[in-house]
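Student: Take a look at the following structure, please.
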Amino acid sequence: MRIIAIANQKGGCGKTTTAVNLAAALASNKKKVLLIDLDPQSHATFGLNIKTDTSIYNVLSKLTHKKAKLQDIIKPVGVNFDIAPSSIVLSALEQELSGEIGREARLFDTIQGTKLNYDYVLIDCPPNLGLLTINAMRATDEVIIPVEASRFAIEGLGQLLDIINLVRDRLSHYVDYRVLVTNFDSRLQHSFTMLDKIKKTFKNQMFSTIIHVNVKLKEAQNEGTHIFNYDKYCRGTKDYYSLSREMITVDDKSAEPAEAITAKAPSKEPKPETLAKRMEAILKEELPRIKLNEVTLTLKAPGASRVYVAGDFNGWKTDDTTLMEQDNGVWTKRISLTPGSYRYKFVKDGEWIEDPSNPKVATNPYGQKDSLIEV
């Protein structure tokens with residue numbers, strides 16, 4: 001069970017939007033998900049049209065007249081998707097816990113003391129760095145930090161990272177974090193400039209997926225539901241589904257049985273030079289068996305500032321490795337592929353388009369067309 005906090009003290013960064021729609025995306029991948037609304041503003045609870053007399057406050061507080069267990073307050077949202085709702089009274093909890101020993105671990109103790117049958121537990125934190133946020137940090141090993149592509153959003157990250165370091169130093173609890181770029185407006189050159197700065201600052205601590213500006217996300221909140229119920233073909237749905245697949249892929253890579261790892265593990269760790277020679281020998285043995293074909297993809301777009309090619313062959317990423325080269329308005333990318341069929345699209349200044357020179361297309365899960373290449 002992965003427990004993940006979604007936190008940023010800056011409001012308007014898409015924190016709750018990410019918590020709700022990422023939970024729905026994971027559920028659509030047949031993962032059992034619990035969303036804990038730890039924000040006294042209760043935006044996740046209201047945004048899913050949940051009404052209840054008890055909330056996470058009744059679980060964490062010792063002074064409440066309606067004491068409840070975590071499993072008692074959980075409400076179903078949809079298939080594989082549950083929520084532990086919040087309420088405005090949760091704002092009183094920080095004062096209640098201020099003088100208690102072990103106050104930072106109240107949520108951790110609650111989760112560990114409850115038999116939860118979930119693949120993922122997501123915690124929507126309040127937009128501040130108070131005791132509730134620290135409780136969320138202590139209860140998890142990883143944090144998703146939604147960040148807008150703007151200067152002030154980047155500078156504000158330092159305070160949140162200080163809290164993560166405080167939890168590590170004071171509570172001896174290490175928390176990993178990853179930055180998620182949200183509210184990305186691909187129509188603005190400034191967005192791409194700030195995106196480059198974020199990439200340089202956080203390097204390997206970023207998700208490849210980017211959440212673009214999409215009015216459907218706000219419309220879904222107003223309707224009291226998540227984007228997968230509201231419009232399964234819109235850009236917001238595609239972005240959050242892509243984010244969920246990126247997270248699940250990490251799980252799949254780390255899911256190798258322990259006995260298999262033990263069987264392959266050497267009795268003594270080899271020296272680096274030994275590993276290098278071994279890898280070189282493996283590559284010499286395996287590479288000749290793999291037949292690679294070089295494919296050149298081109299797009300005539302003289303007015304574009306950036307064009308990427310994203311597809312099955314590169315995980316649908318838009319980063320430096322998928323950026324196309326431009327010569328007199330013609331964008332080109334050479335790719336080496338093994339025999340097979342691949343879906344792809346061009347991303348021209350943030351707009352996803354089909355290859356106009358390729359008549360072969362295939363319908364994707366969102367009801368849209370992808371260009372299709374066969375090698």
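Each chain in the structure tokens gets a letter, A, B and so on, in the order shown; residues start at 1 in every chain, and ligands are counted from 1 in the order they appear.
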Run DSSP on the backbone and tell me which residues of segment 70-245 of chain A come out as strand (DSSP E or B); list them as a VMD selection string.
Tutor: chain A and resid 75 to 78 81 to 84 120 to 124 142 to 148 176 to 184 206 to 212
Student: Using only C-alpha atoms, determine which residues lie at most 12 Å from Asn358 of chain A, disregarding the query and same-chain residues fewer than 6 positions distant; provide the list as a ChimeraX atom specification.
Tutor: /A:297-299,343-346,369-374
Student: Please write the residues from the selection above to a file, keeping N, CA and C atoms, as a PDB file, in the first residue's frame.
Tutor:
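selection.pdb written:
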ATOM      1  N   LEU A 297      10.779  10.996 -38.738  1.00  0.00           N
ATOM      2  CA  LEU A 297       9.477  11.662 -38.675  1.00  0.00           C
ATOM      3  C   LEU A 297       9.680  13.153 -38.907  1.00  0.00           C
ATOM      4  N   THR A 298       8.845  13.746 -39.751  1.00  0.00           N
ATOM      5  CA  THR A 298       8.994  15.166 -40.069  1.00  0.00           C
ATOM      6  C   THR A 298       7.652  15.877 -39.981  1.00  0.00           C
ATOM      7  N   LEU A 299       7.716  17.163 -39.665  1.00  0.00           N
ATOM      8  CA  LEU A 299       6.530  18.007 -39.611  1.00  0.00           C
ATOM      9  C   LEU A 299       6.899  19.393 -40.116  1.00  0.00           C
ATOM     10  N   ARG A 343       1.940   3.960 -32.015  1.00  0.00           N
ATOM     11  CA  ARG A 343       1.106   5.156 -32.092  1.00  0.00           C
ATOM     12  C   ARG A 343       1.957   6.364 -31.723  1.00  0.00           C
ATOM     13  N   TYR A 344       1.664   7.508 -32.319  1.00  0.00           N
ATOM     14  CA  TYR A 344       2.418   8.710 -31.971  1.00  0.00           C
ATOM     15  C   TYR A 344       1.639   9.960 -32.361  1.00  0.00           C
ATOM     16  N   LYS A 345       2.087  11.078 -31.828  1.00  0.00           N
ATOM     17  CA  LYS A 345       1.556  12.389 -32.197  1.00  0.00           C
ATOM     18  C   LYS A 345       2.679  13.417 -32.116  1.00  0.00           C
ATOM     19  N   PHE A 346       2.503  14.526 -32.810  1.00  0.00           N
ATOM     20  CA  PHE A 346       3.391  15.659 -32.654  1.00  0.00           C
ATOM     21  C   PHE A 346       2.783  16.608 -31.613  1.00  0.00           C
ATOM     22  N   LYS A 369      -7.796  10.456 -32.373  1.00  0.00           N
ATOM     23  CA  LYS A 369      -6.982   9.749 -33.359  1.00  0.00           C
ATOM     24  C   LYS A 369      -5.492   9.927 -33.063  1.00  0.00           C
ATOM     25  N   ASP A 370      -4.748   8.829 -33.144  1.00  0.00           N
ATOM     26  CA  ASP A 370      -3.297   8.845 -33.092  1.00  0.00           C
ATOM     27  C   ASP A 370      -2.762   8.424 -34.448  1.00  0.00           C
ATOM     28  N   SER A 371      -1.646   8.995 -34.858  1.00  0.00           N
ATOM     29  CA  SER A 371      -0.986   8.519 -36.061  1.00  0.00           C
ATOM     30  C   SER A 371      -0.377   7.145 -35.774  1.00  0.00           C
ATOM     31  N   LEU A 372      -0.326   6.308 -36.796  1.00  0.00           N
ATOM     32  CA  LEU A 372       0.145   4.933 -36.622  1.00  0.00           C
ATOM     33  C   LEU A 372       1.274   4.658 -37.611  1.00  0.00           C
ATOM     34  N   ILE A 373       2.361   4.137 -37.085  1.00  0.00           N
ATOM     35  CA  ILE A 373       3.490   3.768 -37.928  1.00  0.00           C
ATOM     36  C   ILE A 373       3.807   2.297 -37.712  1.00  0.00           C
ATOM     37  N   GLU A 374       4.074   1.613 -38.782  1.00  0.00           N
ATOM     38  CA  GLU A 374       4.426   0.188 -38.731  1.00  0.00           C
ATOM     39  C   GLU A 374       5.849   0.012 -39.232  1.00  0.00           C
TER      40      GLU A 374
END
Student: Just want the 6 Å neighbourhood of segment 37-51 of chain A, counted on only C-alpha atoms, with same-chain residues fewer than 6 positions away dropped. Output as a ChimeraX atom specification.
Tutor: /A:16,85-88,90-91,124-126,221,224-225
Student: Would you kindly return, as a compact mmCIF listing (two decimals) with N, CA, C and O atoms, in the first residue's frame, each protein, DNA or RNA residue with an atom no farther than 12 Å from any atom of Ser242 of chain A, considering only C-alpha atoms and excluding same-chain residues fewer than 2 positions away?
Tutor:
# COMPACT_ATOMS: atom_id res chain seq x y z
N ASN A 21 -8.57 13.90 -8.97
CA ASN A 21 -8.54 13.28 -10.30
C ASN A 21 -7.45 12.22 -10.44
O ASN A 21 -7.62 11.28 -11.23
N LEU A 22 -6.37 12.33 -9.68
CA LEU A 22 -5.38 11.26 -9.67
C LEU A 22 -5.98 10.02 -9.00
O LEU A 22 -5.77 8.89 -9.47
N ALA A 25 -8.16 8.47 -11.51
CA ALA A 25 -7.36 7.85 -12.57
C ALA A 25 -6.80 6.51 -12.13
O ALA A 25 -6.82 5.52 -12.88
N LEU A 26 -6.29 6.44 -10.91
CA LEU A 26 -5.77 5.18 -10.38
C LEU A 26 -6.89 4.16 -10.26
O LEU A 26 -6.70 2.97 -10.55
N SER A 28 -9.50 4.00 -12.13
CA SER A 28 -9.84 3.54 -13.48
C SER A 28 -8.86 2.50 -13.97
O SER A 28 -9.15 1.75 -14.92
N ASN A 29 -7.68 2.44 -13.34
CA ASN A 29 -6.69 1.41 -13.65
C ASN A 29 -6.85 0.18 -12.76
O ASN A 29 -5.94 -0.62 -12.61
N PHE A 207 7.88 14.60 -12.32
CA PHE A 207 7.09 13.70 -13.15
C PHE A 207 7.27 14.11 -14.61
O PHE A 207 7.39 15.30 -14.92
N SER A 208 7.27 13.14 -15.49
CA SER A 208 7.30 13.46 -16.92
C SER A 208 5.97 14.05 -17.37
O SER A 208 5.93 14.89 -18.26
N THR A 209 4.89 13.61 -16.76
CA THR A 209 3.56 14.10 -17.11
C THR A 209 3.39 15.55 -16.68
O THR A 209 3.84 15.96 -15.62
N ILE A 210 2.74 16.32 -17.52
CA ILE A 210 2.41 17.72 -17.24
C ILE A 210 0.89 17.87 -17.29
O ILE A 210 0.24 17.37 -18.21
N ILE A 211 0.33 18.57 -16.30
CA ILE A 211 -1.12 18.81 -16.27
C ILE A 211 -1.39 20.17 -16.90
O ILE A 211 -0.97 21.20 -16.38
N HIS A 212 -2.06 20.16 -18.03
CA HIS A 212 -2.33 21.40 -18.77
C HIS A 212 -3.60 22.09 -18.26
O HIS A 212 -4.46 21.47 -17.65
N ARG A 235 -8.77 16.92 -22.38
CA ARG A 235 -7.33 16.96 -22.12
C ARG A 235 -7.01 16.66 -20.65
O ARG A 235 -6.02 16.01 -20.33
N GLY A 236 -7.83 17.16 -19.74
CA GLY A 236 -7.60 16.91 -18.33
C GLY A 236 -7.63 15.43 -17.99
O GLY A 236 -6.82 14.94 -17.21
N THR A 237 -8.57 14.70 -18.59
CA THR A 237 -8.64 13.26 -18.37
C THR A 237 -7.38 12.57 -18.87
O THR A 237 -6.81 11.71 -18.20
N LYS A 238 -6.95 12.96 -20.05
CA LYS A 238 -5.75 12.36 -20.64
C LYS A 238 -4.53 12.61 -19.76
O LYS A 238 -3.72 11.71 -19.52
N ASP A 239 -4.39 13.84 -19.25
CA ASP A 239 -3.22 14.17 -18.43
C ASP A 239 -3.18 13.36 -17.14
O ASP A 239 -2.13 12.82 -16.76
N TYR A 240 -4.32 13.28 -16.45
CA TYR A 240 -4.32 12.56 -15.17
C TYR A 240 -4.22 11.05 -15.38
O TYR A 240 -3.66 10.33 -14.54
N SER A 244 -1.28 8.70 -13.76
CA SER A 244 -1.52 7.44 -13.04
C SER A 244 -0.70 6.31 -13.64
O SER A 244 -0.17 5.47 -12.91
N ARG A 245 -0.59 6.28 -14.96
CA ARG A 245 0.20 5.22 -15.61
C ARG A 245 1.67 5.36 -15.26
O ARG A 245 2.38 4.37 -15.06
N GLU A 246 2.13 6.59 -15.16
CA GLU A 246 3.53 6.82 -14.78
C GLU A 246 3.80 6.30 -13.37
O GLU A 246 4.85 5.71 -13.10
N MET A 247 2.85 6.50 -12.46
CA MET A 247 3.01 6.02 -11.09
C MET A 247 2.92 4.50 -11.02
O MET A 247 3.70 3.85 -10.32
N ILE A 248 1.99 3.93 -11.76
CA ILE A 248 1.81 2.47 -11.73
C ILE A 248 3.01 1.77 -12.34
O ILE A 248 3.43 0.70 -11.88
N THR A 249 3.62 2.38 -13.36
CA THR A 249 4.81 1.80 -13.98
C THR A 249 5.94 1.64 -12.98
O THR A 249 6.66 0.65 -12.99
N GLY A 315 7.21 6.48 -24.30
CA GLY A 315 6.39 6.70 -23.11
C GLY A 315 5.54 7.95 -23.17
O GLY A 315 5.10 8.45 -22.14
N TRP A 316 5.32 8.48 -24.39
CA TRP A 316 4.50 9.68 -24.58
C TRP A 316 5.05 10.87 -23.80
O TRP A 316 4.30 11.70 -23.27
N LYS A 317 6.36 10.97 -23.75
CA LYS A 317 7.00 12.06 -23.01
C LYS A 317 7.23 13.27 -23.91
O LYS A 317 7.43 13.13 -25.12
N PRO A 365 -7.86 5.37 -26.42
CA PRO A 365 -8.92 5.18 -25.41
C PRO A 365 -9.75 6.41 -25.12
O PRO A 365 -10.81 6.32 -24.51
N TYR A 366 -9.28 7.60 -25.57
CA TYR A 366 -10.01 8.83 -25.31
C TYR A 366 -10.93 9.20 -26.48
O TYR A 366 -11.55 10.26 -26.48
Student: Would you return as number ranges by chain the members of segment 103-352 of chain A that DSSP assigns to helix (DSSP H, G or I) on this structure's backbone?
Tutor: A: 103-112, 131-139, 151-171, 189-205, 215-222, 227-230, 235-253, 258-264, 272-289, 312-314, 320-322
